[in-house]
file work-v2.pdb (PDB, C-alpha atoms)
ATOM      1  CA  MET F 208       0.000   0.000   0.000  1.00  0.00           C
ATOM      2  CA  ARG F 209       2.829   2.389   0.843  1.00  0.00           C
ATOM      3  CA  ILE F 210       4.468   1.804  -2.555  1.00  0.00           C
ATOM      4  CA  VAL F 211       1.209   2.645  -4.328  1.00  0.00           C
ATOM      5  CA  PHE F 212       0.883   5.852  -2.291  1.00  0.00           C
ATOM      6  CA  ILE F 213       4.464   6.936  -2.996  1.00  0.00           C
ATOM      7  CA  THR F 214       4.117   6.103  -6.689  1.00  0.00           C
ATOM      8  CA  THR F 215       0.877   8.089  -6.857  1.00  0.00           C
ATOM      9  CA  LEU F 216       2.519  11.107  -5.223  1.00  0.00           C
ATOM     10  CA  PHE F 217       5.456  10.848  -7.606  1.00  0.00           C
ATOM     11  CA  VAL F 218       3.192  10.734 -10.667  1.00  0.00           C
ATOM     12  CA  LEU F 219       1.006  13.578  -9.387  1.00  0.00           C
ATOM     13  CA  HIS F 220       4.089  15.700  -8.748  1.00  0.00           C
ATOM     14  CA  PHE F 221       5.231  15.352 -12.343  1.00  0.00           C
ATOM     15  CA  VAL F 222       1.763  15.680 -13.875  1.00  0.00           C
ATOM     16  CA  ALA F 223       0.985  18.764 -11.794  1.00  0.00           C
ATOM     17  CA  GLY F 224       4.399  20.251 -12.567  1.00  0.00           C
ATOM     18  CA  TYR F 225       3.876  19.685 -16.269  1.00  0.00           C
ATOM     19  CA  ALA F 226       0.737  21.785 -16.337  1.00  0.00           C
ATOM     20  CA  GLN F 227       2.266  24.647 -14.374  1.00  0.00           C
ATOM     21  CA  LEU F 228       4.978  25.996 -16.629  1.00  0.00           C
ATOM     22  CA  ILE F 229       3.251  25.972 -20.025  1.00  0.00           C
ATOM     23  CA  THR F 230      -0.518  25.952 -19.939  1.00  0.00           C
ATOM     24  CA  ARG F 231      -1.545  26.955 -23.455  1.00  0.00           C
ATOM     25  CA  THR F 232      -2.255  23.911 -25.617  1.00  0.00           C
ATOM     26  CA  ASP F 233      -1.576  25.834 -28.830  1.00  0.00           C
ATOM     27  CA  ARG F 234       1.897  26.684 -27.521  1.00  0.00           C
ATOM     28  CA  LEU F 235       2.518  23.070 -26.524  1.00  0.00           C
ATOM     29  CA  ASP F 236       1.480  21.864 -29.980  1.00  0.00           C
ATOM     30  CA  ASP F 237       3.691  24.406 -31.752  1.00  0.00           C
ATOM     31  CA  MET F 238       6.576  23.669 -29.415  1.00  0.00           C
ATOM     32  CA  GLU F 239       6.331  19.953 -30.155  1.00  0.00           C
ATOM     33  CA  ARG F 240       6.281  20.654 -33.890  1.00  0.00           C
ATOM     34  CA  MET F 241       9.272  22.991 -33.710  1.00  0.00           C
ATOM     35  CA  LEU F 242      11.198  20.611 -31.454  1.00  0.00           C
ATOM     36  CA  LYS F 243      10.895  17.899 -34.125  1.00  0.00           C
ATOM     37  CA  VAL F 244      12.239  20.341 -36.728  1.00  0.00           C
ATOM     38  CA  GLN F 245      15.168  21.333 -34.528  1.00  0.00           C
ATOM     39  CA  LYS F 246      16.000  17.691 -33.758  1.00  0.00           C
ATOM     40  CA  LYS F 247      16.192  16.961 -37.483  1.00  0.00           C
ATOM     41  CA  LEU F 248      18.414  19.989 -38.077  1.00  0.00           C
ATOM     42  CA  ALA F 249      20.712  19.011 -35.207  1.00  0.00           C
ATOM     43  CA  ALA F 250      20.766  15.274 -35.925  1.00  0.00           C
ATOM     44  CA  ALA F 251      24.573  15.263 -36.154  1.00  0.00           C
ATOM     45  CA  ARG F 252      24.741  16.459 -32.530  1.00  0.00           C
ATOM     46  CA  GLU F 253      21.884  14.339 -31.215  1.00  0.00           C
ATOM     47  CA  PHE F 254      23.750  12.843 -28.260  1.00  0.00           C
ATOM     48  CA  GLN F 255      25.464  16.095 -27.209  1.00  0.00           C
ATOM     49  CA  LEU F 256      22.189  18.019 -27.255  1.00  0.00           C
ATOM     50  CA  PHE F 257      19.406  15.570 -26.534  1.00  0.00           C
ATOM     51  CA  GLY F 258      21.197  12.955 -24.448  1.00  0.00           C
ATOM     52  CA  VAL F 259      20.453  15.200 -21.484  1.00  0.00           C
ATOM     53  CA  TYR F 260      16.841  13.974 -21.596  1.00  0.00           C
ATOM     54  CA  GLN F 261      18.092  10.695 -20.102  1.00  0.00           C
ATOM     55  CA  GLN F 262      18.715  12.526 -16.822  1.00  0.00           C
ATOM     56  CA  LEU F 263      16.062  12.682 -14.149  1.00  0.00           C
ATOM     57  CA  MET F 264      14.340  16.067 -14.344  1.00  0.00           C
ATOM     58  CA  THR F 265      11.079  17.585 -13.240  1.00  0.00           C
ATOM     59  CA  ALA F 266       8.254  18.114 -15.701  1.00  0.00           C
ATOM     60  CA  ASP F 267       8.847  21.876 -15.575  1.00  0.00           C
ATOM     61  CA  GLU F 268      12.541  21.390 -16.336  1.00  0.00           C
ATOM     62  CA  LYS F 269      11.653  19.191 -19.306  1.00  0.00           C
ATOM     63  CA  GLN F 270       9.162  21.740 -20.628  1.00  0.00           C
ATOM     64  CA  ALA F 271      11.649  24.567 -20.181  1.00  0.00           C
ATOM     65  CA  LEU F 272      14.296  22.565 -22.024  1.00  0.00           C
ATOM     66  CA  ASP F 273      11.812  21.654 -24.767  1.00  0.00           C
ATOM     67  CA  PHE F 274      10.938  25.334 -25.162  1.00  0.00           C
ATOM     68  CA  LEU F 275      14.587  26.371 -25.359  1.00  0.00           C
ATOM     69  CA  TYR F 276      15.395  23.722 -27.953  1.00  0.00           C
ATOM     70  CA  ALA F 277      12.268  24.397 -30.001  1.00  0.00           C
ATOM     71  CA  TYR F 278      12.933  28.102 -30.469  1.00  0.00           C
ATOM     72  CA  MET F 279      16.676  28.631 -30.074  1.00  0.00           C
ATOM     73  CA  PRO F 280      18.829  29.891 -32.947  1.00  0.00           C
ATOM     74  CA  LEU F 281      20.570  27.208 -34.968  1.00  0.00           C
ATOM     75  CA  SER F 282      23.944  28.591 -33.889  1.00  0.00           C
ATOM     76  CA  ASP F 283      23.134  27.632 -30.293  1.00  0.00           C
ATOM     77  CA  LEU F 284      22.351  24.091 -31.397  1.00  0.00           C
ATOM     78  CA  ALA F 285      25.821  24.000 -32.936  1.00  0.00           C
ATOM     79  CA  ASP F 286      27.790  25.715 -30.159  1.00  0.00           C
ATOM     80  CA  TYR F 287      26.526  24.339 -26.826  1.00  0.00           C
ATOM     81  CA  ASP F 288      25.509  21.014 -25.293  1.00  0.00           C
ATOM     82  CA  GLY F 289      22.436  19.769 -23.482  1.00  0.00           C
ATOM     83  CA  ALA F 290      23.940  20.055 -19.998  1.00  0.00           C
ATOM     84  CA  PHE F 291      24.442  23.782 -20.567  1.00  0.00           C
ATOM     85  CA  PHE F 292      20.814  24.293 -21.609  1.00  0.00           C
ATOM     86  CA  LEU F 293      19.418  22.165 -18.775  1.00  0.00           C
ATOM     87  CA  LYS F 294      21.503  24.101 -16.248  1.00  0.00           C
ATOM     88  CA  ASN F 295      20.094  27.371 -17.593  1.00  0.00           C
ATOM     89  CA  ALA F 296      16.537  26.016 -17.494  1.00  0.00           C
ATOM     90  CA  LYS F 297      17.033  24.955 -13.862  1.00  0.00           C
ATOM     91  CA  TYR F 298      18.377  28.380 -12.893  1.00  0.00           C
ATOM     92  CA  SER F 299      15.451  30.133 -14.578  1.00  0.00           C
ATOM     93  CA  LEU F 300      12.973  27.910 -12.744  1.00  0.00           C
ATOM     94  CA  LYS F 301      14.859  28.475  -9.498  1.00  0.00           C
ATOM     95  CA  ALA F 302      14.566  32.233  -9.974  1.00  0.00           C
ATOM     96  CA  LYS F 303      10.845  31.828 -10.684  1.00  0.00           C
ATOM     97  CA  SER F 304      10.302  29.857  -7.483  1.00  0.00           C
ATOM     98  CA  GLU F 305      12.628  31.788  -5.140  1.00  0.00           C
ATOM     99  CA  MET F 306      12.384  35.409  -6.207  1.00  0.00           C
ATOM    100  CA  PRO F 307       9.520  37.519  -4.831  1.00  0.00           C
ATOM    101  CA  TRP F 308       8.435  38.451  -8.362  1.00  0.00           C
ATOM    102  CA  GLY F 309       8.670  34.885  -9.669  1.00  0.00           C
ATOM    103  CA  LYS F 310       5.109  33.803  -9.082  1.00  0.00           C
ATOM    104  CA  THR F 311       3.706  36.959 -10.673  1.00  0.00           C
ATOM    105  CA  VAL F 312       5.566  36.719 -13.985  1.00  0.00           C
ATOM    106  CA  PRO F 313       3.084  35.781 -16.715  1.00  0.00           C
ATOM    107  CA  GLU F 314       3.803  32.662 -18.768  1.00  0.00           C
ATOM    108  CA  ASP F 315       4.681  34.531 -21.972  1.00  0.00           C
ATOM    109  CA  GLU F 316       7.125  36.853 -20.232  1.00  0.00           C
ATOM    110  CA  PHE F 317       8.789  34.012 -18.365  1.00  0.00           C
ATOM    111  CA  LEU F 318       9.230  31.902 -21.491  1.00  0.00           C
ATOM    112  CA  HIS F 319      10.475  34.719 -23.694  1.00  0.00           C
ATOM    113  CA  PHE F 320      12.443  36.928 -21.287  1.00  0.00           C
ATOM    114  CA  VAL F 321      13.497  34.924 -18.210  1.00  0.00           C
ATOM    115  CA  LEU F 322      14.090  31.450 -19.630  1.00  0.00           C
ATOM    116  CA  PRO F 323      16.173  32.256 -22.731  1.00  0.00           C
ATOM    117  CA  VAL F 324      19.884  31.735 -22.359  1.00  0.00           C
ATOM    118  CA  ARG F 325      20.730  34.906 -24.267  1.00  0.00           C
ATOM    119  CA  VAL F 326      19.256  37.640 -26.388  1.00  0.00           C
ATOM    120  CA  ASN F 327      20.086  38.259 -30.048  1.00  0.00           C
ATOM    121  CA  ASN F 328      23.828  38.133 -30.584  1.00  0.00           C
ATOM    122  CA  GLU F 329      25.068  37.799 -26.995  1.00  0.00           C
ATOM    123  CA  ASN F 330      27.539  34.984 -26.326  1.00  0.00           C
TER
END

call {"tool": "encode", "arguments": {"input": "work-v2.pdb", "output": "structure tokens"}}
result
Amino acid sequence: MRIVFITTLFVLHFVAGYAQLITRTDRLDDMERMLKVQKKLAAAREFQLFGVYQQLMTADEKQALDFLYAYMPLSDLADYDGAFFLKNAKYSLKAKSEMPWGKTVPEDEFLHFVLPVRVNNEN
């Protein structure tokens, strides 16, 4: 009985976390479509970029990473590895959860202005 309870809590944690970061279904659909495109374009670096998905991560971390990969410039796919992007996603989510303003940042602003690793031509 205890194993069932713990498993249920574990599943609920990840399902609840998944719905928190990105709530718009149209965004999720577009993100999934774009992620497939990016994976094809970066097929030569599949392990370096997407091997990071084999690590244990929260649902929010996975969504943040999916969002970064789906919309990042191609140069980032060529220059950095998955560990770098996951680390940035974790720090963005940490800021969202620990900073006083974090819970008030709307989804669009978080995804486009807090989560991104860089802006335009910054290194």

call {"tool": "resolve_selection", "arguments": {"input": "work-v2.pdb", "expression": "the PyMOL selection byres ((chain F and resi 243) around 12)", "output": "ChimeraX atom specification"}}
result
/F:236-242,244-250,253,257,273-274,276-278

call {"tool": "closest_residue", "arguments": {"input": "work-v2.pdb", "among": "F:Leu235, F:Ser304, F:Phe320, F:Ala296", "to": "Ala271 of chain F", "atoms": "only C-alpha atoms"}}
result
F:Ala296

call {"tool": "residues_around", "arguments": {"input": "work-v2.pdb", "residues": "Tyr298 of chain F", "least_positions_apart": "5", "cutoff": "12 Å", "atoms": "only C-alpha atoms", "output": "PyMOL selection string"}}
result
chain F and resi 267-268+271-272+291-293+303-306+321-324

call {"tool": "atom_distance", "arguments": {"input": "work-v2.pdb", "atom1": "atom CA of Leu284 of chain F", "atom2": "atom CA of Gln227 of chain F"}}
result
26.3 Å

call {"tool": "closest_residue", "arguments": {"input": "work-v2.pdb", "among": "F:Leu256, F:Thr232, F:Ala266, F:Lys310", "to": "Lys297 of chain F", "atoms": "all atoms listed in the file"}}
result
F:Ala266

call {"tool": "closest_residue", "arguments": {"input": "work-v2.pdb", "among": "F:Gln270, F:Trp308, F:Leu300, F:Asp286", "to": "Arg234 of chain F", "atoms": "all atoms listed in the file"}}
result
F:Gln270

call {"tool": "closest_residue", "arguments": {"input": "work-v2.pdb", "among": "F:Leu281, F:Met264, F:Ala251, F:Leu228", "to": "Leu318 of chain F", "atoms": "all atoms listed in the file"}}
result
F:Leu228

call {"tool": "decode", "arguments": {"input": "work-v2.pdb", "residues": "segment 249-280 of chain F", "atoms": "N, CA and C atoms", "output": "PDB file, in the first residue's frame"}}
result
ATOM      1  N   ALA F 249      19.548  19.253 -36.065  1.00  0.00           N
ATOM      2  CA  ALA F 249      20.712  19.011 -35.207  1.00  0.00           C
ATOM      3  C   ALA F 249      21.018  17.523 -35.063  1.00  0.00           C
ATOM      4  N   ALA F 250      20.595  16.729 -36.018  1.00  0.00           N
ATOM      5  CA  ALA F 250      20.766  15.274 -35.925  1.00  0.00           C
ATOM      6  C   ALA F 250      22.221  14.859 -35.730  1.00  0.00           C
ATOM      7  N   ALA F 251      23.150  15.602 -36.291  1.00  0.00           N
ATOM      8  CA  ALA F 251      24.573  15.263 -36.154  1.00  0.00           C
ATOM      9  C   ALA F 251      25.069  15.449 -34.718  1.00  0.00           C
ATOM     10  N   ARG F 252      24.352  16.211 -33.933  1.00  0.00           N
ATOM     11  CA  ARG F 252      24.741  16.459 -32.530  1.00  0.00           C
ATOM     12  C   ARG F 252      23.700  15.901 -31.561  1.00  0.00           C
ATOM     13  N   GLU F 253      22.999  14.884 -32.002  1.00  0.00           N
ATOM     14  CA  GLU F 253      21.884  14.339 -31.215  1.00  0.00           C
ATOM     15  C   GLU F 253      22.291  13.995 -29.780  1.00  0.00           C
ATOM     16  N   PHE F 254      23.359  13.249 -29.609  1.00  0.00           N
ATOM     17  CA  PHE F 254      23.750  12.843 -28.260  1.00  0.00           C
ATOM     18  C   PHE F 254      24.175  14.039 -27.408  1.00  0.00           C
ATOM     19  N   GLN F 255      24.983  14.941 -27.979  1.00  0.00           N
ATOM     20  CA  GLN F 255      25.464  16.095 -27.209  1.00  0.00           C
ATOM     21  C   GLN F 255      24.313  16.985 -26.752  1.00  0.00           C
ATOM     22  N   LEU F 256      23.300  17.133 -27.588  1.00  0.00           N
ATOM     23  CA  LEU F 256      22.189  18.019 -27.255  1.00  0.00           C
ATOM     24  C   LEU F 256      21.065  17.318 -26.507  1.00  0.00           C
ATOM     25  N   PHE F 257      20.633  16.185 -27.025  1.00  0.00           N
ATOM     26  CA  PHE F 257      19.406  15.570 -26.534  1.00  0.00           C
ATOM     27  C   PHE F 257      19.639  14.397 -25.597  1.00  0.00           C
ATOM     28  N   GLY F 258      20.881  13.997 -25.417  1.00  0.00           N
ATOM     29  CA  GLY F 258      21.197  12.955 -24.448  1.00  0.00           C
ATOM     30  C   GLY F 258      20.852  13.370 -23.024  1.00  0.00           C
ATOM     31  N   VAL F 259      20.769  14.662 -22.808  1.00  0.00           N
ATOM     32  CA  VAL F 259      20.453  15.200 -21.484  1.00  0.00           C
ATOM     33  C   VAL F 259      19.048  14.777 -21.021  1.00  0.00           C
ATOM     34  N   TYR F 260      18.190  14.428 -21.957  1.00  0.00           N
ATOM     35  CA  TYR F 260      16.841  13.974 -21.596  1.00  0.00           C
ATOM     36  C   TYR F 260      16.860  12.646 -20.844  1.00  0.00           C
ATOM     37  N   GLN F 261      17.983  11.954 -20.839  1.00  0.00           N
ATOM     38  CA  GLN F 261      18.092  10.695 -20.102  1.00  0.00           C
ATOM     39  C   GLN F 261      18.258  10.944 -18.603  1.00  0.00           C
ATOM     40  N   GLN F 262      18.579  12.181 -18.235  1.00  0.00           N
ATOM     41  CA  GLN F 262      18.715  12.526 -16.822  1.00  0.00           C
ATOM     42  C   GLN F 262      17.340  12.673 -16.190  1.00  0.00           C
ATOM     43  N   LEU F 263      17.292  12.461 -14.890  1.00  0.00           N
ATOM     44  CA  LEU F 263      16.062  12.682 -14.149  1.00  0.00           C
ATOM     45  C   LEU F 263      15.838  14.185 -14.044  1.00  0.00           C
ATOM     46  N   MET F 264      14.670  14.651 -14.456  1.00  0.00           N
ATOM     47  CA  MET F 264      14.340  16.067 -14.344  1.00  0.00           C
ATOM     48  C   MET F 264      12.854  16.204 -14.060  1.00  0.00           C
ATOM     49  N   THR F 265      12.492  17.336 -13.507  1.00  0.00           N
ATOM     50  CA  THR F 265      11.079  17.585 -13.240  1.00  0.00           C
ATOM     51  C   THR F 265      10.361  17.862 -14.557  1.00  0.00           C
ATOM     52  N   ALA F 266       9.055  17.824 -14.510  1.00  0.00           N
ATOM     53  CA  ALA F 266       8.254  18.114 -15.701  1.00  0.00           C
ATOM     54  C   ALA F 266       8.476  19.552 -16.157  1.00  0.00           C
ATOM     55  N   ASP F 267       8.590  20.477 -15.210  1.00  0.00           N
ATOM     56  CA  ASP F 267       8.847  21.876 -15.575  1.00  0.00           C
ATOM     57  C   ASP F 267      10.214  22.026 -16.236  1.00  0.00           C
ATOM     58  N   GLU F 268      11.216  21.331 -15.726  1.00  0.00           N
ATOM     59  CA  GLU F 268      12.541  21.390 -16.336  1.00  0.00           C
ATOM     60  C   GLU F 268      12.500  20.848 -17.761  1.00  0.00           C
ATOM     61  N   LYS F 269      11.767  19.758 -17.964  1.00  0.00           N
ATOM     62  CA  LYS F 269      11.653  19.191 -19.306  1.00  0.00           C
ATOM     63  C   LYS F 269      10.945  20.162 -20.241  1.00  0.00           C
ATOM     64  N   GLN F 270       9.867  20.778 -19.775  1.00  0.00           N
ATOM     65  CA  GLN F 270       9.162  21.740 -20.628  1.00  0.00           C
ATOM     66  C   GLN F 270      10.037  22.943 -20.938  1.00  0.00           C
ATOM     67  N   ALA F 271      10.760  23.423 -19.949  1.00  0.00           N
ATOM     68  CA  ALA F 271      11.649  24.567 -20.181  1.00  0.00           C
ATOM     69  C   ALA F 271      12.716  24.199 -21.206  1.00  0.00           C
ATOM     70  N   LEU F 272      13.286  23.021 -21.073  1.00  0.00           N
ATOM     71  CA  LEU F 272      14.296  22.565 -22.024  1.00  0.00           C
ATOM     72  C   LEU F 272      13.693  22.386 -23.416  1.00  0.00           C
ATOM     73  N   ASP F 273      12.503  21.797 -23.478  1.00  0.00           N
ATOM     74  CA  ASP F 273      11.812  21.654 -24.767  1.00  0.00           C
ATOM     75  C   ASP F 273      11.603  23.019 -25.416  1.00  0.00           C
ATOM     76  N   PHE F 274      11.183  23.992 -24.628  1.00  0.00           N
ATOM     77  CA  PHE F 274      10.938  25.334 -25.162  1.00  0.00           C
ATOM     78  C   PHE F 274      12.241  25.944 -25.692  1.00  0.00           C
ATOM     79  N   LEU F 275      13.303  25.829 -24.910  1.00  0.00           N
ATOM     80  CA  LEU F 275      14.587  26.371 -25.359  1.00  0.00           C
ATOM     81  C   LEU F 275      15.014  25.735 -26.678  1.00  0.00           C
ATOM     82  N   TYR F 276      14.984  24.418 -26.735  1.00  0.00           N
ATOM     83  CA  TYR F 276      15.395  23.722 -27.953  1.00  0.00           C
ATOM     84  C   TYR F 276      14.500  24.072 -29.143  1.00  0.00           C
ATOM     85  N   ALA F 277      13.211  24.162 -28.907  1.00  0.00           N
ATOM     86  CA  ALA F 277      12.268  24.397 -30.001  1.00  0.00           C
ATOM     87  C   ALA F 277      12.497  25.743 -30.678  1.00  0.00           C
ATOM     88  N   TYR F 278      12.892  26.746 -29.918  1.00  0.00           N
ATOM     89  CA  TYR F 278      12.933  28.102 -30.469  1.00  0.00           C
ATOM     90  C   TYR F 278      14.312  28.746 -30.483  1.00  0.00           C
ATOM     91  N   MET F 279      15.348  28.015 -30.105  1.00  0.00           N
ATOM     92  CA  MET F 279      16.676  28.631 -30.074  1.00  0.00           C
ATOM     93  C   MET F 279      17.249  28.777 -31.485  1.00  0.00           C
ATOM     94  N   PRO F 280      18.155  29.731 -31.649  1.00  0.00           N
ATOM     95  CA  PRO F 280      18.829  29.891 -32.947  1.00  0.00           C
ATOM     96  C   PRO F 280      19.656  28.646 -33.269  1.00  0.00           C
TER      97      PRO F 280
END
